[in-house]
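Enquirer: The structure follows.
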Amino acid sequence: MRKKVILITGAAGEIGQALVHQLSEAEPDLILTLDLSDMPPDIAPLCTHIKGSITDKSLLDRLVSEYEIDVIFHLAALLSTRAEYSPVAAHQVNVEGTLGLLELAAEQSQWRGKPVQFIYPSSIAVYGMPDLETKAAHPRVQQWEWNNPTTMYGANKLYGEQLGTYYSRNYKQLAEKEPVKLDFRAVRFPGLVSAFTAPSGGTSDYGPEMLHAAAKGEPYACFVRPDTTIPFMAMPDGVKALLDLVNVPLSALSRTVYNVTAFSLSADDFRTRVLAAFPEAQITFEPHAKRQAIVDSWPMDADDQPAREDWGWQPEYDVERSFNDYLIPNIRARYAK
Ligand code: SER
């Protein structure tokens with residue numbers, strides 16, 4: 001008998017580490033993780049880890065022959081800044097890698113006669129506001145508005161949403177016998193901020209970078225203007241969104257893709273909050289024109305009403321709680337060690 005597992009790709013990344021922690025507390029099924037890197041030592045005992053790439057077809061074939069994959073959290077991706085330096089690699093991982101996993105999930109759904117759940121983190125990077133006036137005039141965007149990403153990563157994520165939706169709704173629609181289709185569910189995340197890990201390769205990274213630098217006593221030059229505003233979310237809410245979404249009955253979902261958000265903050269507000277906790281912090285602004293343009297193309301806020309209505313989405317951490325109860329105390333403890 002194949003062992004039933006929950007597969008997490010990109011598990012050594014920021015969301016992955018937090019998700020493994022949380023899942024391992026409740027989950028009787030085996031947690032199988034896949035990443036190019038080793039899992040950090042404190043998390044390694046909580047999962048069975050395979051070091052490798054989601055683009056390695058023979059590795060995926062091996063997985064399917066050994067395990068019954070019940071749920072996939074497909075977190076592996078090259079983020080928005082990194083993807084601009086290697087767009088082809090980004091496409092290979094973000095699009096072709098996603099396609100390979102959707103194929104795997106489609107086959108597994110068929111083989112076991114029951115949909116595999118495919119949980120996909122998308123991003124505010126799927127939006128592309130044409131200019132700052134438009135961004136200011138449309139502060140809270142609907143899911144379907146301004147879906148004109150300017151980055152490779154944003155384009156990849158938007159297409160990933162569409163691919164997943166195809167596999168779960170219309171896969172092989174002309175086949176005589178209708179296949180058992182996988183169950184694809186996506187959330188569009190704002191910038192995620194973790195107290196336990198520092199981000200790399202993203203463009204919303206200035207927020208968390210500012211905070212981690214201050215806690216370490218290092219000076220930080222923020223790469224966007226003080227007025228730059230996008231939505232953010234504390235990592236525990238990011239994990240909560242993924243786990244809430246897994247647990248909703250399919251019949252409650254009116255769509256496959258949901259915006260989720262927690263609070264919006266300008267880079268200057270972020271700095272003020274960091275300074276309140278670390279008054280000695282040296283945080284300056286040295287905007288990088290091109291990274292600035294990427295963040296300017298992302299909306300100030302996203303409407304997450306459908307997630308609230310369909311599956312009761314509600315962040316537990318507003319901006320006050322995020323900083324006061326989660327980020328500041330945990331980050332202090334982390335760097336005090
Ligand atoms: N945090 C991501 C990035 O900056 C956006 O999804 O690329």
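Residue names in the structure tokens use chain letters A, B, ... in the order shown, residue numbers from 1 in each chain, and ligand numbers from 1 in the order shown.
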Using DSSP on the backbone coordinates, identify the residues of range 111-264 of chain A assigned to helix (DSSP H, G or I); present them as number ranges by chain.
Expert: A: 111-112, 124-126, 132-137, 152-169, 206-216, 235-247, 250-252
Enquirer: List the spatial neighbours of range 309-322 of chain A as a list in words - criterion: any atom at most 7 Å away, only C-alpha atoms, same-chain residues fewer than 3 positions off excluded.
Expert: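 Contacts, with the query itself left out: Ala234, Asp237, Val248, Ala252, Leu253, Ser254, Ala262, Phe263, Gln305, Pro306, Asp325, Tyr326 and Leu327 of chain A.
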Enquirer: Write the selection just made, keeping all heavy atoms, as a compact mmCIF listing (two decimals), in the first residue's frame?
Expert:
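File written: out_26.txt
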```
# COMPACT_ATOMS: atom_id res chain seq x y z
N ALA A 234 0.96 39.01 8.58
CA ALA A 234 1.88 38.27 9.44
C ALA A 234 1.83 36.79 9.05
O ALA A 234 0.77 36.26 8.72
CB ALA A 234 1.50 38.44 10.91
N ASP A 237 -0.95 34.26 9.93
CA ASP A 237 -2.19 34.40 9.16
C ASP A 237 -2.04 33.79 7.76
O ASP A 237 -3.01 33.27 7.20
CB ASP A 237 -2.60 35.87 9.06
CG ASP A 237 -3.48 36.30 10.22
OD1 ASP A 237 -4.14 35.42 10.84
OD2 ASP A 237 -3.52 37.50 10.52
N VAL A 248 -12.17 23.80 3.90
CA VAL A 248 -13.53 24.17 3.48
C VAL A 248 -14.08 23.11 2.53
O VAL A 248 -13.37 22.66 1.64
CB VAL A 248 -13.55 25.48 2.64
CG1 VAL A 248 -14.91 26.12 2.70
CG2 VAL A 248 -12.45 26.41 3.01
N ALA A 252 -18.66 24.90 -0.80
CA ALA A 252 -18.77 26.27 -0.27
C ALA A 252 -18.00 27.28 -1.14
O ALA A 252 -18.14 28.48 -0.96
CB ALA A 252 -18.23 26.31 1.16
N LEU A 253 -17.17 26.77 -2.04
CA LEU A 253 -16.29 27.67 -2.79
C LEU A 253 -16.95 28.11 -4.09
O LEU A 253 -17.36 27.29 -4.91
CB LEU A 253 -14.96 26.97 -3.09
CG LEU A 253 -14.18 26.49 -1.86
CD1 LEU A 253 -12.88 25.80 -2.29
CD2 LEU A 253 -13.87 27.63 -0.91
N SER A 254 -17.04 29.43 -4.27
CA SER A 254 -17.65 29.95 -5.49
C SER A 254 -16.62 30.22 -6.57
O SER A 254 -16.95 30.61 -7.67
CB SER A 254 -18.41 31.24 -5.17
OG SER A 254 -17.51 32.22 -4.68
N ALA A 262 -4.51 41.40 5.17
CA ALA A 262 -4.62 41.68 6.60
C ALA A 262 -4.58 43.19 6.87
O ALA A 262 -5.51 43.74 7.43
CB ALA A 262 -3.53 40.96 7.37
N PHE A 263 -3.49 43.87 6.46
CA PHE A 263 -3.41 45.32 6.70
C PHE A 263 -2.50 45.94 5.64
O PHE A 263 -1.63 45.28 5.10
CB PHE A 263 -2.86 45.61 8.10
CG PHE A 263 -1.55 44.93 8.40
CD1 PHE A 263 -0.34 45.53 8.08
CD2 PHE A 263 -1.53 43.67 9.01
CE1 PHE A 263 0.86 44.89 8.34
CE2 PHE A 263 -0.32 43.03 9.28
CZ PHE A 263 0.88 43.64 8.95
N GLN A 305 -13.31 40.16 0.29
CA GLN A 305 -14.68 39.85 0.72
C GLN A 305 -15.13 38.43 0.32
O GLN A 305 -15.73 37.73 1.14
CB GLN A 305 -15.64 40.92 0.15
CG GLN A 305 -17.00 40.99 0.83
CD GLN A 305 -16.90 41.21 2.34
OE1 GLN A 305 -15.99 41.86 2.82
NE2 GLN A 305 -17.83 40.63 3.08
N PRO A 306 -14.86 37.99 -0.93
CA PRO A 306 -15.29 36.62 -1.30
C PRO A 306 -14.73 35.55 -0.35
O PRO A 306 -15.43 34.61 0.01
CB PRO A 306 -14.76 36.45 -2.72
CG PRO A 306 -14.72 37.85 -3.26
CD PRO A 306 -14.31 38.72 -2.10
N ASP A 325 2.28 41.63 19.22
CA ASP A 325 2.17 40.29 19.81
C ASP A 325 3.02 39.24 19.09
O ASP A 325 3.38 38.23 19.66
CB ASP A 325 0.71 39.80 19.79
CG ASP A 325 -0.20 40.66 20.64
OD1 ASP A 325 0.31 41.64 21.23
OD2 ASP A 325 -1.40 40.36 20.71
N TYR A 326 3.25 39.47 17.80
CA TYR A 326 3.96 38.42 17.05
C TYR A 326 5.37 38.85 16.64
O TYR A 326 6.36 38.26 17.06
CB TYR A 326 3.11 38.02 15.82
CG TYR A 326 3.87 37.18 14.83
CD1 TYR A 326 4.28 35.88 15.14
CD2 TYR A 326 4.21 37.69 13.56
CE1 TYR A 326 5.00 35.12 14.23
CE2 TYR A 326 4.92 36.93 12.66
CZ TYR A 326 5.32 35.66 12.99
OH TYR A 326 6.04 34.91 12.09
N LEU A 327 5.46 39.92 15.82
CA LEU A 327 6.76 40.24 15.22
C LEU A 327 7.80 40.68 16.26
O LEU A 327 8.87 40.06 16.38
CB LEU A 327 6.59 41.32 14.15
CG LEU A 327 5.85 40.87 12.89
CD1 LEU A 327 5.52 42.05 11.98
CD2 LEU A 327 6.69 39.85 12.11
```
Enquirer: Using only C-alpha atoms and all ligand atoms, can you tell me which of A:Gln92, A:Thr203, A:Thr150, A:Ser58 comes closest to ligand 1?
Expert: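 Result for the nearest residue to ligand 1: A:Thr203.
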Enquirer: Among range 171-235 of chain A, which residues carry a DSSP assignment of strand (DSSP E or B), reported as a PyMOL selection string?
Expert: chain A and resi 183-189+191-193+220-222+229-234
Enquirer: Which neighbours of Thr48 in chain A fall inside 8 Å, counting only C-alpha atoms, when residues of the same chain fewer than 5 positions from it are skipped, and could you give them as an NGL selection string?
Expert: :A and (30-33)
Enquirer: Show me, as a tab-separated table, the residues of chain A having an atom within 10 Å of ligand 1, each with the closest atom pair and its distance in Å, using only C-alpha atoms and all ligand atoms.
Expert:
```
residue	atom	partner	partner_atom_place_in_ligand_line	distance
A:Ala77	CA	ligand 1	7 (O)	9.4
A:Leu78	CA	ligand 1	7 (O)	8.0
A:Leu79	CA	ligand 1	7 (O)	4.2
A:Ser80	CA	ligand 1	7 (O)	3.7
A:Thr81	CA	ligand 1	7 (O)	6.1
A:Arg82	CA	ligand 1	7 (O)	8.0
A:Ala83	CA	ligand 1	7 (O)	8.6
A:Pro121	CA	ligand 1	6 (O)	8.5
A:Ser122	CA	ligand 1	6 (O)	6.9
A:Ser123	CA	ligand 1	6 (O)	4.3
A:Ile124	CA	ligand 1	6 (O)	5.9
A:Ala125	CA	ligand 1	6 (O)	5.5
A:Val126	CA	ligand 1	6 (O)	8.5
A:Thr151	CA	ligand 1	7 (O)	9.3
A:Tyr153	CA	ligand 1	7 (O)	7.1
A:Gly154	CA	ligand 1	6 (O)	7.9
A:Lys157	CA	ligand 1	6 (O)	8.9
A:Arg188	CA	ligand 1	6 (O)	8.0
A:Phe189	CA	ligand 1	6 (O)	6.3
A:Pro190	CA	ligand 1	6 (O)	6.3
A:Gly191	CA	ligand 1	1 (N)	4.6
A:Leu192	CA	ligand 1	1 (N)	6.3
A:Val193	CA	ligand 1	1 (N)	8.9
A:Pro199	CA	ligand 1	1 (N)	8.1
A:Ser200	CA	ligand 1	4 (O)	8.5
A:Gly201	CA	ligand 1	7 (O)	6.6
A:Gly202	CA	ligand 1	4 (O)	3.3
A:Thr203	CA	ligand 1	4 (O)	3.6
A:Ser204	CA	ligand 1	4 (O)	4.0
A:Asp205	CA	ligand 1	4 (O)	5.9
A:Tyr206	CA	ligand 1	4 (O)	8.9
A:Phe232	CA	ligand 1	1 (N)	9.1
A:Arg291	CA	ligand 1	4 (O)	9.8
A:Ile294	CA	ligand 1	4 (O)	9.1
A:Val295	CA	ligand 1	4 (O)	8.3
A:Trp298	CA	ligand 1	5 (C)	9.2
```
Enquirer: Those same residues - N, CA, C and O atoms - I'd like them written as a compact mmCIF listing (two decimals), in the first residue's frame.
Expert:
```txt
# COMPACT_ATOMS: atom_id res chain seq x y z
N ALA A 77 8.76 28.43 -5.68
CA ALA A 77 8.71 29.48 -6.71
C ALA A 77 9.96 30.35 -6.64
O ALA A 77 10.61 30.43 -5.60
N LEU A 78 10.28 30.97 -7.75
CA LEU A 78 11.27 32.06 -7.75
C LEU A 78 10.48 33.35 -7.63
O LEU A 78 9.61 33.62 -8.44
N LEU A 79 10.78 34.14 -6.61
CA LEU A 79 9.98 35.35 -6.34
C LEU A 79 10.33 36.49 -7.31
O LEU A 79 11.17 36.36 -8.18
N SER A 80 9.65 37.62 -7.07
CA SER A 80 9.60 38.66 -8.12
C SER A 80 10.94 39.33 -8.46
O SER A 80 11.19 39.61 -9.62
N THR A 81 11.77 39.58 -7.46
CA THR A 81 13.06 40.21 -7.79
C THR A 81 13.98 39.19 -8.45
O THR A 81 14.54 39.41 -9.51
N ARG A 82 14.09 38.04 -7.83
CA ARG A 82 14.95 36.99 -8.34
C ARG A 82 14.59 36.63 -9.78
O ARG A 82 15.45 36.45 -10.64
N ALA A 83 13.29 36.55 -10.06
CA ALA A 83 12.82 36.13 -11.38
C ALA A 83 13.23 37.12 -12.48
O ALA A 83 13.39 36.74 -13.63
N PRO A 121 -0.25 29.13 -3.48
CA PRO A 121 -0.17 30.53 -3.09
C PRO A 121 0.13 31.39 -4.30
O PRO A 121 1.16 31.26 -4.94
N SER A 122 -0.81 32.26 -4.62
CA SER A 122 -0.55 33.26 -5.65
C SER A 122 -0.20 34.56 -4.92
O SER A 122 0.15 34.53 -3.72
N SER A 123 -0.31 35.69 -5.59
CA SER A 123 0.31 36.89 -5.03
C SER A 123 -0.33 38.17 -5.56
O SER A 123 -0.87 38.18 -6.67
N ILE A 124 -0.16 39.24 -4.79
CA ILE A 124 -0.55 40.56 -5.31
C ILE A 124 0.25 40.93 -6.54
O ILE A 124 -0.09 41.88 -7.24
N ALA A 125 1.33 40.17 -6.80
CA ALA A 125 2.13 40.45 -8.00
C ALA A 125 1.37 40.17 -9.30
O ALA A 125 1.83 40.54 -10.37
N VAL A 126 0.20 39.53 -9.21
CA VAL A 126 -0.58 39.31 -10.44
C VAL A 126 -1.21 40.62 -10.92
O VAL A 126 -1.69 40.70 -12.04
N THR A 151 5.79 41.87 -14.03
CA THR A 151 6.96 41.03 -13.74
C THR A 151 6.76 39.61 -14.27
O THR A 151 5.64 39.15 -14.46
N TYR A 153 7.44 36.99 -12.52
CA TYR A 153 6.81 36.26 -11.41
C TYR A 153 5.30 36.47 -11.41
O TYR A 153 4.52 35.52 -11.27
N GLY A 154 4.87 37.73 -11.60
CA GLY A 154 3.43 38.02 -11.60
C GLY A 154 2.73 37.31 -12.75
O GLY A 154 1.64 36.75 -12.58
N LYS A 157 2.51 33.63 -11.91
CA LYS A 157 1.50 33.33 -10.89
C LYS A 157 0.09 33.43 -11.47
O LYS A 157 -0.77 32.61 -11.17
N ARG A 188 -4.33 34.59 -3.06
CA ARG A 188 -3.39 35.64 -3.44
C ARG A 188 -2.92 36.33 -2.18
O ARG A 188 -3.70 37.03 -1.53
N PHE A 189 -1.64 36.12 -1.88
CA PHE A 189 -1.08 36.70 -0.66
C PHE A 189 -0.57 38.12 -0.89
O PHE A 189 -0.04 38.43 -1.95
N PRO A 190 -0.67 38.95 0.16
CA PRO A 190 0.08 40.22 0.15
C PRO A 190 1.52 39.92 0.58
O PRO A 190 1.91 38.74 0.64
N GLY A 191 2.32 40.91 0.89
CA GLY A 191 3.67 40.67 1.39
C GLY A 191 3.59 39.98 2.74
O GLY A 191 2.92 40.46 3.65
N LEU A 192 4.25 38.85 2.88
CA LEU A 192 4.21 38.11 4.15
C LEU A 192 5.40 38.49 5.01
O LEU A 192 6.51 38.67 4.49
N VAL A 193 5.16 38.61 6.30
CA VAL A 193 6.23 39.02 7.22
C VAL A 193 6.35 38.00 8.33
O VAL A 193 5.40 37.79 9.09
N PRO A 199 13.16 37.12 4.44
CA PRO A 199 12.84 36.79 3.06
C PRO A 199 14.05 36.92 2.15
O PRO A 199 15.04 37.56 2.51
N SER A 200 13.95 36.32 0.97
CA SER A 200 14.98 36.57 -0.04
C SER A 200 14.37 36.44 -1.42
O SER A 200 13.54 35.57 -1.66
N GLY A 201 14.74 37.34 -2.30
CA GLY A 201 14.31 37.24 -3.70
C GLY A 201 13.00 37.90 -4.02
O GLY A 201 12.58 37.92 -5.17
N GLY A 202 12.31 38.47 -3.03
CA GLY A 202 11.05 39.14 -3.31
C GLY A 202 11.22 40.65 -3.40
O GLY A 202 12.33 41.17 -3.19
N THR A 203 10.13 41.35 -3.69
CA THR A 203 10.22 42.80 -3.79
C THR A 203 9.42 43.47 -2.68
O THR A 203 9.54 44.67 -2.44
N SER A 204 8.61 42.69 -1.96
CA SER A 204 7.98 43.23 -0.74
C SER A 204 8.93 43.06 0.45
O SER A 204 8.57 43.35 1.58
N ASP A 205 10.14 42.60 0.17
CA ASP A 205 11.10 42.27 1.23
C ASP A 205 11.54 43.47 2.08
O ASP A 205 12.09 43.29 3.17
N TYR A 206 11.35 44.70 1.57
CA TYR A 206 11.84 45.86 2.33
C TYR A 206 11.21 45.93 3.72
O TYR A 206 11.88 46.36 4.67
N PHE A 232 0.16 43.84 3.64
CA PHE A 232 1.05 42.86 4.28
C PHE A 232 0.23 41.92 5.14
O PHE A 232 -0.95 42.19 5.44
N ARG A 291 13.13 48.48 -8.73
CA ARG A 291 12.34 47.71 -7.74
C ARG A 291 11.15 48.55 -7.28
O ARG A 291 10.07 48.03 -7.03
N ILE A 294 8.29 48.13 -9.60
CA ILE A 294 7.56 46.86 -9.39
C ILE A 294 6.55 47.03 -8.26
O ILE A 294 5.36 46.70 -8.40
N VAL A 295 6.99 47.59 -7.14
CA VAL A 295 6.08 47.74 -6.00
C VAL A 295 4.97 48.74 -6.32
O VAL A 295 3.82 48.58 -5.90
N TRP A 298 1.93 47.25 -7.80
CA TRP A 298 1.07 46.41 -6.94
C TRP A 298 0.07 47.30 -6.21
O TRP A 298 0.39 48.44 -5.84
```
